[in-house]
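Listing of final.cif, mmCIF, C-alpha atoms
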data_entry
#
loop_
_atom_site.label_atom_id
_atom_site.label_comp_id
_atom_site.auth_asym_id
_atom_site.auth_seq_id
_atom_site.Cartn_x
_atom_site.Cartn_y
_atom_site.Cartn_z
CA GLU A 254 0.00 0.00 0.00
CA VAL A 255 1.29 3.45 -0.86
CA ASN A 256 -0.69 4.80 2.09
CA SER A 257 1.61 3.61 4.86
CA LEU A 258 4.18 5.95 6.35
CA HIS A 259 7.04 3.81 5.10
CA CYS A 260 5.79 3.88 1.52
CA GLU A 261 5.08 7.59 1.70
CA VAL A 262 8.67 8.26 2.69
CA CYS A 263 10.00 5.93 -0.02
CA PHE A 264 7.82 7.54 -2.61
CA LEU A 265 8.79 11.07 -1.67
CA ARG A 266 12.55 10.54 -1.30
CA PRO A 267 13.37 10.96 -5.04
CA LEU A 268 11.61 14.32 -5.04
CA PHE A 269 14.15 15.79 -2.68
CA ASN A 270 17.22 14.77 -4.66
CA SER A 271 17.31 18.13 -6.36
CA MET A 272 16.59 21.62 -5.06
CA LYS A 273 14.29 22.32 -7.99
CA ARG A 274 12.02 19.40 -7.20
CA ARG A 275 12.09 20.24 -3.51
CA THR A 276 10.98 23.79 -4.21
CA LEU A 277 8.15 22.65 -6.45
CA LEU A 278 6.84 20.18 -3.89
CA LEU A 279 6.99 22.61 -0.99
CA GLY A 280 5.18 25.20 -3.07
CA ALA A 281 2.42 22.75 -3.84
CA LEU A 282 2.17 21.70 -0.20
CA ALA A 283 1.83 25.33 0.79
CA LEU A 284 -1.23 25.62 -1.43
CA GLY A 285 -2.75 22.76 0.51
CA THR A 286 -2.72 24.74 3.76
CA HIS A 287 -5.09 27.40 2.42
CA ALA A 288 -8.88 27.33 2.56
CA TRP A 289 -10.30 24.14 1.12
CA ALA A 290 -13.18 25.56 -0.86
CA GLY A 291 -14.68 28.82 -2.07
CA PRO A 292 -16.18 31.43 0.24
CA ALA A 293 -18.14 29.74 2.99
CA ASP A 294 -21.25 31.84 2.34
CA GLN A 295 -21.54 30.33 -1.15
CA ALA A 296 -21.77 26.73 -0.02
CA PRO A 297 -25.19 25.42 1.05
CA ALA A 298 -25.36 23.95 4.54
CA LEU A 299 -25.91 20.33 3.55
CA LEU A 300 -26.62 17.23 5.56
CA LEU A 301 -23.75 14.79 4.91
CA ALA A 302 -23.63 11.02 5.24
CA GLU A 303 -21.49 8.83 7.44
CA PRO A 304 -20.92 5.10 6.81
CA TRP A 305 -23.58 2.74 8.12
CA GLN A 306 -22.64 1.02 11.36
CA ALA A 307 -23.39 -2.68 11.50
CA GLY A 308 -25.54 -3.60 14.45
CA THR A 309 -27.55 -0.37 14.44
CA ASP A 310 -31.23 -0.88 15.26
CA LEU A 311 -33.15 -0.41 12.00
CA ALA A 312 -36.47 0.50 13.61
CA ASP A 313 -35.95 4.27 13.24
CA TRP A 314 -34.49 4.26 9.74
CA TRP A 315 -35.81 4.83 6.21
CA VAL A 316 -33.88 3.16 3.39
CA SER A 317 -33.51 4.28 -0.23
CA GLU A 318 -31.19 3.71 -3.15
CA LYS A 319 -28.00 5.77 -3.27
CA TYR A 320 -28.08 7.55 -6.62
CA ASP A 321 -24.73 7.99 -8.34
CA GLY A 322 -25.17 11.47 -9.76
CA VAL A 323 -24.37 15.08 -8.93
CA ARG A 324 -25.66 16.58 -5.68
CA GLY A 325 -28.02 19.42 -6.53
CA PHE A 326 -29.30 21.93 -3.97
CA TRP A 327 -32.28 24.07 -5.00
CA ASP A 328 -32.00 27.26 -2.95
CA GLY A 329 -35.44 28.54 -3.93
CA SER A 330 -34.29 30.29 -7.08
CA ALA A 331 -31.36 28.34 -8.55
CA LEU A 332 -29.72 24.93 -8.55
CA ARG A 333 -26.30 24.84 -6.90
CA THR A 334 -23.58 22.28 -6.38
CA ARG A 335 -22.67 21.36 -2.84
CA GLY A 336 -19.75 23.78 -3.18
CA GLY A 337 -22.21 26.61 -3.92
CA GLU A 338 -21.51 27.05 -7.63
CA ARG A 339 -24.58 27.82 -9.70
CA ILE A 340 -25.61 25.03 -12.08
CA ALA A 341 -26.62 26.22 -15.55
CA ALA A 342 -29.85 24.24 -15.84
CA PRO A 343 -32.23 24.99 -18.72
CA PRO A 344 -35.06 27.33 -17.63
CA TRP A 345 -37.70 24.69 -18.41
CA PHE A 346 -36.01 22.21 -16.04
CA THR A 347 -36.69 24.35 -12.94
CA ALA A 348 -39.80 26.21 -14.14
CA GLY A 349 -42.44 26.35 -11.43
CA TRP A 350 -40.20 25.00 -8.66
CA PRO A 351 -41.10 26.29 -5.19
CA ALA A 352 -39.32 28.97 -3.18
CA THR A 353 -38.56 26.37 -0.50
CA PRO A 354 -35.13 24.66 -0.70
CA LEU A 355 -34.85 21.12 -2.04
CA ASP A 356 -31.97 18.67 -1.61
CA GLY A 357 -31.46 15.98 -4.21
CA GLU A 358 -29.37 14.30 -6.86
CA LEU A 359 -29.18 15.08 -10.57
CA TRP A 360 -29.22 11.55 -11.93
CA ALA A 361 -28.96 10.00 -15.39
CA GLY A 362 -29.88 6.47 -14.35
CA ARG A 363 -27.76 3.60 -13.08
CA GLY A 364 -24.34 3.72 -14.66
CA GLY A 365 -24.99 7.24 -15.94
CA PHE A 366 -22.69 9.25 -13.70
CA GLU A 367 -20.52 10.50 -16.56
CA GLN A 368 -23.60 11.76 -18.45
CA ALA A 369 -24.89 13.58 -15.38
CA GLN A 370 -21.51 15.14 -14.67
CA SER A 371 -21.10 16.23 -18.29
CA ALA A 372 -24.52 17.88 -18.36
CA VAL A 373 -23.98 19.74 -15.10
CA ALA A 374 -20.45 20.86 -16.01
CA ARG A 375 -21.55 22.80 -19.09
CA GLN A 376 -21.63 26.57 -18.77
CA SER A 377 -24.42 26.64 -21.39
CA PRO A 378 -27.06 23.95 -20.88
CA ASP A 379 -27.51 21.23 -23.47
CA ASP A 380 -31.23 20.50 -23.67
CA ALA A 381 -30.74 16.98 -24.97
CA ALA A 382 -28.40 16.11 -22.10
CA TRP A 383 -30.72 17.60 -19.47
CA ARG A 384 -33.72 15.69 -20.83
CA ARG A 385 -31.90 12.51 -19.79
CA LEU A 386 -31.63 13.73 -16.18
CA ARG A 387 -33.94 13.28 -13.24
CA TYR A 388 -33.87 15.38 -10.10
CA MET A 389 -34.18 12.83 -7.32
CA VAL A 390 -35.39 14.80 -4.30
CA PHE A 391 -34.56 13.24 -0.95
CA ASP A 392 -35.00 16.04 1.60
CA LEU A 393 -36.49 19.43 2.49
CA PRO A 394 -33.66 21.32 4.26
CA ALA A 395 -35.80 24.21 5.55
CA HIS A 396 -38.57 22.02 7.00
CA PRO A 397 -38.45 22.20 10.83
CA GLY A 398 -39.68 18.66 11.46
CA THR A 399 -38.07 15.27 11.75
CA PHE A 400 -37.46 13.14 8.69
CA ASP A 401 -40.65 11.23 9.53
CA GLU A 402 -42.45 14.57 9.25
CA ARG A 403 -40.45 15.89 6.30
CA LEU A 404 -41.14 12.85 4.15
CA PRO A 405 -44.88 13.41 3.54
CA ALA A 406 -44.19 17.13 3.02
CA LEU A 407 -41.50 16.25 0.48
CA ARG A 408 -43.87 13.97 -1.43
CA ALA A 409 -46.54 16.67 -1.47
CA THR A 410 -44.04 19.27 -2.68
CA VAL A 411 -42.85 17.07 -5.55
CA ALA A 412 -46.44 16.20 -6.47
CA ALA A 413 -47.23 19.94 -6.65
CA ILE A 414 -44.29 20.53 -8.98
CA ASP A 415 -45.85 17.90 -11.26
CA GLN A 416 -42.92 17.42 -13.63
CA PRO A 417 -41.85 13.90 -14.72
CA TRP A 418 -38.15 14.69 -14.23
CA VAL A 419 -38.65 15.69 -10.59
CA VAL A 420 -39.00 12.56 -8.47
CA ALA A 421 -39.44 12.02 -4.74
CA VAL A 422 -36.91 9.35 -3.80
CA PRO A 423 -38.75 6.15 -2.78
CA GLN A 424 -38.20 5.35 0.89
CA GLN A 425 -38.94 2.11 2.70
CA ARG A 426 -38.58 0.52 6.10
CA VAL A 427 -36.40 -2.57 6.42
CA ALA A 428 -37.13 -5.09 9.14
CA SER A 429 -33.76 -6.74 9.67
CA ALA A 430 -30.03 -6.56 8.97
CA ALA A 431 -30.38 -9.63 6.73
CA ARG A 432 -33.04 -7.90 4.64
CA LEU A 433 -30.89 -4.74 4.47
CA GLN A 434 -27.96 -6.73 3.08
CA ALA A 435 -30.27 -8.52 0.63
CA LEU A 436 -31.57 -5.17 -0.58
CA LEU A 437 -28.00 -3.91 -1.00
CA ARG A 438 -27.15 -6.95 -3.11
CA GLU A 439 -30.25 -6.43 -5.26
CA VAL A 440 -29.42 -2.78 -5.92
CA VAL A 441 -25.76 -3.43 -6.69
CA ALA A 442 -26.59 -6.41 -8.93
CA GLY A 443 -28.90 -4.11 -10.89
CA GLY A 444 -26.13 -1.56 -11.45
CA GLY A 445 -26.83 0.68 -8.46
CA GLU A 446 -24.22 2.14 -6.15
CA GLY A 447 -25.62 1.30 -2.73
CA LEU A 448 -28.14 2.44 -0.11
CA MET A 449 -28.85 5.57 1.93
CA LEU A 450 -30.46 5.49 5.36
CA HIS A 451 -32.27 8.46 6.95
CA ARG A 452 -33.00 8.36 10.68
CA GLY A 453 -36.70 9.06 11.02
CA SER A 454 -36.44 10.98 14.30
CA SER A 455 -33.66 13.30 13.08
CA HIS A 456 -33.85 16.93 11.99
CA TYR A 457 -32.00 18.36 9.01
CA ARG A 458 -28.67 19.58 10.37
CA ALA A 459 -25.70 20.62 8.25
CA GLY A 460 -22.61 18.45 8.39
CA ARG A 461 -22.04 14.86 9.42
CA GLY A 462 -23.82 13.18 12.27
CA ASP A 463 -26.25 10.41 13.12
CA ALA A 464 -29.02 11.50 10.74
CA LEU A 465 -27.83 10.14 7.40
CA ARG A 466 -25.87 6.99 6.62
CA LYS A 467 -24.60 5.29 3.47
CA LEU A 468 -24.12 1.60 2.85
CA LYS A 469 -22.06 0.38 -0.09
CA PRO A 470 -19.98 -2.69 -0.95
CA HIS A 471 -16.86 -0.58 -0.54
CA ASP A 472 -15.88 2.54 1.39
CA ASP A 473 -15.18 5.83 -0.32
CA ALA A 474 -14.03 9.23 0.83
CA GLU A 475 -12.69 12.50 -0.51
CA ALA A 476 -9.43 14.37 -0.32
CA ARG A 477 -7.90 17.52 -1.76
CA VAL A 478 -4.97 17.34 -4.17
CA ILE A 479 -2.00 19.26 -2.78
CA ALA A 480 0.82 18.01 -5.06
CA HIS A 481 1.63 15.77 -8.03
CA LEU A 482 4.28 13.14 -7.41
CA PRO A 483 6.27 12.13 -10.52
CA GLY A 484 6.10 8.60 -11.83
CA ARG A 485 8.93 6.11 -12.20
CA GLY A 486 9.48 3.16 -14.49
CA ARG A 487 6.73 2.92 -17.08
CA HIS A 488 5.10 6.02 -15.57
CA ALA A 489 8.23 8.16 -15.94
CA GLY A 490 7.29 11.60 -17.24
CA ARG A 491 3.71 11.23 -16.03
CA LEU A 492 1.86 11.24 -12.75
CA GLY A 493 3.06 8.69 -10.24
CA ALA A 494 0.66 9.58 -7.45
CA LEU A 495 -1.40 12.39 -6.04
CA TRP A 496 -0.30 13.76 -2.69
CA VAL A 497 -3.65 14.43 -1.01
CA GLN A 498 -5.07 15.67 2.26
CA THR A 499 -8.28 14.53 3.90
CA PRO A 500 -10.73 16.92 5.58
CA GLU A 501 -9.27 15.74 8.90
CA GLY A 502 -5.78 16.84 7.83
CA ARG A 503 -4.26 13.42 7.09
CA ARG A 504 -1.93 13.30 4.07
CA PHE A 505 -1.03 10.32 1.93
CA ALA A 506 -0.02 9.31 -1.59
CA LEU A 507 -2.86 8.13 -3.82
CA GLY A 508 -1.12 6.14 -6.52
CA SER A 509 -3.50 3.54 -7.96
CA GLY A 510 -6.69 3.56 -9.97
CA PHE A 511 -5.56 5.98 -12.69
CA THR A 512 -5.86 5.42 -16.42
CA ASP A 513 -2.95 6.36 -18.68
CA ALA A 514 -4.94 9.39 -19.83
CA GLN A 515 -5.44 10.51 -16.22
CA ARG A 516 -1.73 10.10 -15.49
CA ALA A 517 -0.96 12.30 -18.50
CA ASP A 518 -3.53 14.91 -17.43
CA PRO A 519 -4.01 14.51 -13.66
CA PRO A 520 -6.52 16.33 -11.45
CA PRO A 521 -5.09 19.78 -10.73
CA VAL A 522 -3.66 20.86 -7.42
CA GLY A 523 -6.49 22.26 -5.34
CA SER A 524 -9.18 19.98 -6.76
CA TRP A 525 -11.10 17.40 -4.77
CA VAL A 526 -11.06 13.73 -5.67
CA THR A 527 -13.03 10.70 -4.55
CA TYR A 528 -11.17 7.50 -3.72
CA ARG A 529 -12.15 3.99 -2.68
CA HIS A 530 -10.55 2.18 0.21
CA ARG A 531 -10.86 -0.82 2.51
CA GLY A 532 -11.07 0.72 5.93
CA VAL A 533 -8.30 2.57 7.72
CA HIS A 534 -5.10 1.68 9.53
CA PRO A 535 -5.40 1.59 13.33
CA GLY A 536 -3.55 4.47 14.91
CA SER A 537 -2.71 6.50 11.80
CA GLY A 538 -6.24 6.59 10.42
CA LEU A 539 -4.84 6.42 6.87
CA PRO A 540 -6.93 4.54 4.30
CA ARG A 541 -6.04 0.98 3.36
CA PHE A 542 -5.66 0.10 -0.34
CA ALA A 543 -6.81 3.54 -1.50
CA SER A 544 -7.61 3.77 -5.20
CA PHE A 545 -8.55 6.85 -7.24
CA LEU A 546 -12.16 6.87 -8.41
CA ARG A 547 -12.76 10.28 -9.99
CA VAL A 548 -12.60 14.04 -9.64
CA ARG A 549 -15.46 15.22 -7.46
CA ALA A 550 -18.42 16.01 -9.69
CA ASP A 551 -18.82 19.68 -8.77
CA GLU A 552 -15.11 20.30 -9.47
CA ALA A 553 -15.24 19.07 -13.08
CA ARG A 554 -16.26 22.35 -14.66
CA PHE A 555 -13.36 24.21 -13.04
CA ARG A 556 -10.62 22.17 -14.66
CA PRO A 557 -8.19 24.52 -16.46
#

Translate the structure described by the file into structure tokens.
Amino acid sequence: EVNSLHCEVCFLRPLFNSMKRRTLLLGALALGTHAWAGPADQAPALLLAEPWQAGTDLADWWVSEKYDGVRGFWDGSALRTRGGERIAAPPWFTAGWPATPLDGELWAGRGGFEQAQSAVARQSPDDAAWRRLRYMVFDLPAHPGTFDERLPALRATVAAIDQPWVVAVPQQRVASAARLQALLREVVAGGGEGLMLHRGSSHYRAGRGDALRKLKPHDDAEARVIAHLPGRGRHAGRLGALWVQTPEGRRFALGSGFTDAQRADPPPVGSWVTYRHRGVHPGSGLPRFASFLRVRADEARFRP
């Protein structure tokens, strides 16, 4: 694993063999100490998911499919990414939407992440691309009630919008851990990504907590790119690994999962990437067997 401290040191040692490389790396690392995103007042205060904990009592939880699309926050007048950037949706797509905020996913169907990302990343909307999208609404951020209370209000709100591309995410109760795992297998076998679980007694609160959980066959997380590490051997002259930092401040080399095209044109310093992993190392908290998955969806349009 390139994530262990020993491998990180081995990987970085060639960079410091020349003053020029050392200067470049330190400059890139300095960028990583600055603010992680745009101005805080531009980013919507979103409820974020934590991994599902085995053994949790399912009695208070609603279960739905986890849609692999682009998070879309309707602020009452415009669609925005979770970073706060305005999404250039066609006027017809949001015509008649309410002044109340909506939280959902812009989704192009199972296996359609790239299509959703491409549509959202355009500065000028492509009608044909947007007609393949659905806005899967899963919460009402401004509603003061619990999720049990928000759910019927959400369904009523979507019914009032009365547009076929705006869909209230189906929610169901699951009676047992065995049934939850069976449902996960069904969704994944059909090309889905996993499951989301909303705690019925919880209110909508920004950030991570015990209100929203995700369950997938693998773990994933995000990190910010703070440097490019040069490749060796067959990757000489291209990217060897990304030096990244997690939201908790942990840094490690992310060196697997890249295509040749991605190594030739890697995610820029400052961008956010999603990676898969198999848990974390005790003590260090660094991910085990981390593998690059993609640039975070709402960063795609800002590539140079």

Atomic separation - atom CA of A:Arg438 relative to atom CA of A:Ala312, Å: 20.5 Å

Selection: 10 Å around stretch 457-462 of chain A, all atoms listed in the file, excl. self and same-chain fewer than 4 positions, as a VMD selection string: chain A and resid 297 to 303 392 to 400 403 466

Could you tell me which residues the PyMOL selection byres ((chain A and resi 496-506) around 6) grabs in this file, written as a VMD selection string? chain A and resid 256 476 to 480 494 to 495 507 to 508

Residue nearest A:Tyr320 - candidates A:Arg375, A:Arg408, A:Arg339, A:Lys469, atoms counted: all atoms listed in the file: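 Selected residue with least distance to A:Tyr320: A:Lys469.
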
So that I can see what lies close to stretch 342-356 of chain A, please list as a PyMOL selection string the residues with an atom at most 9 Å from it, counting all atoms listed in the file and leaving out residues fewer than 5 positions away in the same chain. chain A and resi 299+324-332+372-373+377-380+383-384+389-396+407+410-411+413-414+416+418-419

In Å to one decimal, how far is atom CA of A:Ala464 from atom CA of A:Gly444?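 Atom-to-atom, atom CA of A:Gly444 to atom CA of A:Ala464, that is 25.9 Å.
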
Within 9 Å of file point (-10.5, 6.3, -7.0), counting all atoms listed in the file, expressed as a ChimeraX atom specification: /A:473,507,509-511,526-530,543-548

Apply the PyMOL selection byres ((chain A and resi 323) around 8) to the structure shown and report the selected residues as a PyMOL selection string. chain A and resi 321-322+324-325+334+358-360+366+369-370+373+550-551

Select, from A:Val427, A:Ala474, A:Ala435, A:Leu311, the residue with the minimum atom-to-atom distance to A:Arg531, counting only C-alpha atoms. A:Ala474

So what do you get for atom CA of A:Ala406 versus atom CA of A:Gly453, distance-wise? 13.6 Å

Nearest-residue call for A:Gln515, choices A:Leu482, A:Leu433, A:Arg491, A:Gly536, using only C-alpha atoms: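 The closest residue to A:Gln515 is A:Arg491.
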
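Residues of protein, DNA or RNA having at least one counted atom within 10 Å of (-26.7, -0.1, -3.0), given only C-alpha atoms, are Ser317, Glu318, Lys319, Tyr320, Asp321, Leu433, Gln434, Ala435, Leu436, Leu437, Arg438, Glu439, Val440, Val441, Ala442, Gly443, Gly444, Gly445, Glu446, Gly447, Leu448, Met449, Lys467, Leu468, Lys469 and Pro470 of chain A.
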
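Shortest separation to A:Ala517 among A:Gly308, A:Gly493, A:Pro540, A:Pro535 occurs at residue A:Gly493, atoms counted being all atoms listed in the file.
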
Rank nothing, just name the residue among A:Ala430, A:Ser524, A:Gly357, A:Asp415 nearest to A:Ala307, using all atoms listed in the file. A:Ala430

Will you give me stretch 423-447 of chain A, written with N, CA and C atoms and laid out as a PDB file, in the first residue's frame?
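part38.pdb, freshly written:
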ATOM      1  N   PRO A 423     -37.991   7.159  -3.531  1.00  0.00           N
ATOM      2  CA  PRO A 423     -38.748   6.146  -2.776  1.00  0.00           C
ATOM      3  C   PRO A 423     -38.013   5.752  -1.497  1.00  0.00           C
ATOM      4  N   GLN A 424     -38.747   5.721  -0.409  1.00  0.00           N
ATOM      5  CA  GLN A 424     -38.195   5.351   0.889  1.00  0.00           C
ATOM      6  C   GLN A 424     -38.971   4.156   1.433  1.00  0.00           C
ATOM      7  N   GLN A 425     -38.277   3.275   2.120  1.00  0.00           N
ATOM      8  CA  GLN A 425     -38.937   2.114   2.700  1.00  0.00           C
ATOM      9  C   GLN A 425     -38.316   1.775   4.051  1.00  0.00           C
ATOM     10  N   ARG A 426     -39.091   1.065   4.854  1.00  0.00           N
ATOM     11  CA  ARG A 426     -38.580   0.517   6.097  1.00  0.00           C
ATOM     12  C   ARG A 426     -38.030  -0.876   5.822  1.00  0.00           C
ATOM     13  N   VAL A 427     -36.991  -1.247   6.553  1.00  0.00           N
ATOM     14  CA  VAL A 427     -36.397  -2.575   6.424  1.00  0.00           C
ATOM     15  C   VAL A 427     -36.398  -3.224   7.793  1.00  0.00           C
ATOM     16  N   ALA A 428     -36.866  -4.458   7.846  1.00  0.00           N
ATOM     17  CA  ALA A 428     -37.131  -5.093   9.143  1.00  0.00           C
ATOM     18  C   ALA A 428     -35.904  -5.671   9.829  1.00  0.00           C
ATOM     19  N   SER A 429     -34.887  -6.041   9.052  1.00  0.00           N
ATOM     20  CA  SER A 429     -33.756  -6.739   9.675  1.00  0.00           C
ATOM     21  C   SER A 429     -32.471  -6.453   8.927  1.00  0.00           C
ATOM     22  N   ALA A 430     -31.345  -6.736   9.595  1.00  0.00           N
ATOM     23  CA  ALA A 430     -30.032  -6.562   8.968  1.00  0.00           C
ATOM     24  C   ALA A 430     -29.893  -7.487   7.766  1.00  0.00           C
ATOM     25  N   ALA A 431     -30.461  -8.690   7.852  1.00  0.00           N
ATOM     26  CA  ALA A 431     -30.380  -9.625   6.730  1.00  0.00           C
ATOM     27  C   ALA A 431     -31.117  -9.073   5.513  1.00  0.00           C
ATOM     28  N   ARG A 432     -32.291  -8.475   5.759  1.00  0.00           N
ATOM     29  CA  ARG A 432     -33.043  -7.898   4.639  1.00  0.00           C
ATOM     30  C   ARG A 432     -32.316  -6.676   4.071  1.00  0.00           C
ATOM     31  N   LEU A 433     -31.659  -5.898   4.943  1.00  0.00           N
ATOM     32  CA  LEU A 433     -30.894  -4.739   4.475  1.00  0.00           C
ATOM     33  C   LEU A 433     -29.770  -5.189   3.548  1.00  0.00           C
ATOM     34  N   GLN A 434     -29.046  -6.233   3.926  1.00  0.00           N
ATOM     35  CA  GLN A 434     -27.962  -6.731   3.083  1.00  0.00           C
ATOM     36  C   GLN A 434     -28.503  -7.326   1.787  1.00  0.00           C
ATOM     37  N   ALA A 435     -29.661  -7.976   1.850  1.00  0.00           N
ATOM     38  CA  ALA A 435     -30.268  -8.522   0.635  1.00  0.00           C
ATOM     39  C   ALA A 435     -30.665  -7.399  -0.313  1.00  0.00           C
ATOM     40  N   LEU A 436     -31.196  -6.317   0.242  1.00  0.00           N
ATOM     41  CA  LEU A 436     -31.569  -5.169  -0.584  1.00  0.00           C
ATOM     42  C   LEU A 436     -30.339  -4.535  -1.214  1.00  0.00           C
ATOM     43  N   LEU A 437     -29.257  -4.446  -0.446  1.00  0.00           N
ATOM     44  CA  LEU A 437     -28.002  -3.913  -0.996  1.00  0.00           C
ATOM     45  C   LEU A 437     -27.541  -4.764  -2.172  1.00  0.00           C
ATOM     46  N   ARG A 438     -27.578  -6.077  -2.011  1.00  0.00           N
ATOM     47  CA  ARG A 438     -27.150  -6.955  -3.111  1.00  0.00           C
ATOM     48  C   ARG A 438     -28.037  -6.778  -4.341  1.00  0.00           C
ATOM     49  N   GLU A 439     -29.326  -6.618  -4.129  1.00  0.00           N
ATOM     50  CA  GLU A 439     -30.249  -6.426  -5.256  1.00  0.00           C
ATOM     51  C   GLU A 439     -29.926  -5.145  -6.020  1.00  0.00           C
ATOM     52  N   VAL A 440     -29.701  -4.067  -5.280  1.00  0.00           N
ATOM     53  CA  VAL A 440     -29.420  -2.776  -5.916  1.00  0.00           C
ATOM     54  C   VAL A 440     -28.099  -2.824  -6.675  1.00  0.00           C
ATOM     55  N   VAL A 441     -27.076  -3.374  -6.052  1.00  0.00           N
ATOM     56  CA  VAL A 441     -25.756  -3.432  -6.694  1.00  0.00           C
ATOM     57  C   VAL A 441     -25.790  -4.353  -7.914  1.00  0.00           C
ATOM     58  N   ALA A 442     -26.487  -5.490  -7.801  1.00  0.00           N
ATOM     59  CA  ALA A 442     -26.590  -6.408  -8.934  1.00  0.00           C
ATOM     60  C   ALA A 442     -27.298  -5.757 -10.112  1.00  0.00           C
ATOM     61  N   GLY A 443     -28.195  -4.809  -9.831  1.00  0.00           N
ATOM     62  CA  GLY A 443     -28.900  -4.108 -10.894  1.00  0.00           C
ATOM     63  C   GLY A 443     -28.157  -2.899 -11.434  1.00  0.00           C
ATOM     64  N   GLY A 444     -26.932  -2.679 -10.967  1.00  0.00           N
ATOM     65  CA  GLY A 444     -26.133  -1.561 -11.449  1.00  0.00           C
ATOM     66  C   GLY A 444     -26.158  -0.341 -10.559  1.00  0.00           C
ATOM     67  N   GLY A 445     -26.800  -0.443  -9.384  1.00  0.00           N
ATOM     68  CA  GLY A 445     -26.834   0.683  -8.462  1.00  0.00           C
ATOM     69  C   GLY A 445     -25.573   0.782  -7.633  1.00  0.00           C
ATOM     70  N   GLU A 446     -25.443   1.882  -6.913  1.00  0.00           N
ATOM     71  CA  GLU A 446     -24.222   2.142  -6.152  1.00  0.00           C
ATOM     72  C   GLU A 446     -24.311   1.630  -4.722  1.00  0.00           C
ATOM     73  N   GLY A 447     -25.484   1.696  -4.118  1.00  0.00           N
ATOM     74  CA  GLY A 447     -25.616   1.295  -2.728  1.00  0.00           C
ATOM     75  C   GLY A 447     -26.907   1.834  -2.159  1.00  0.00           C
TER      76      GLY A 447
END
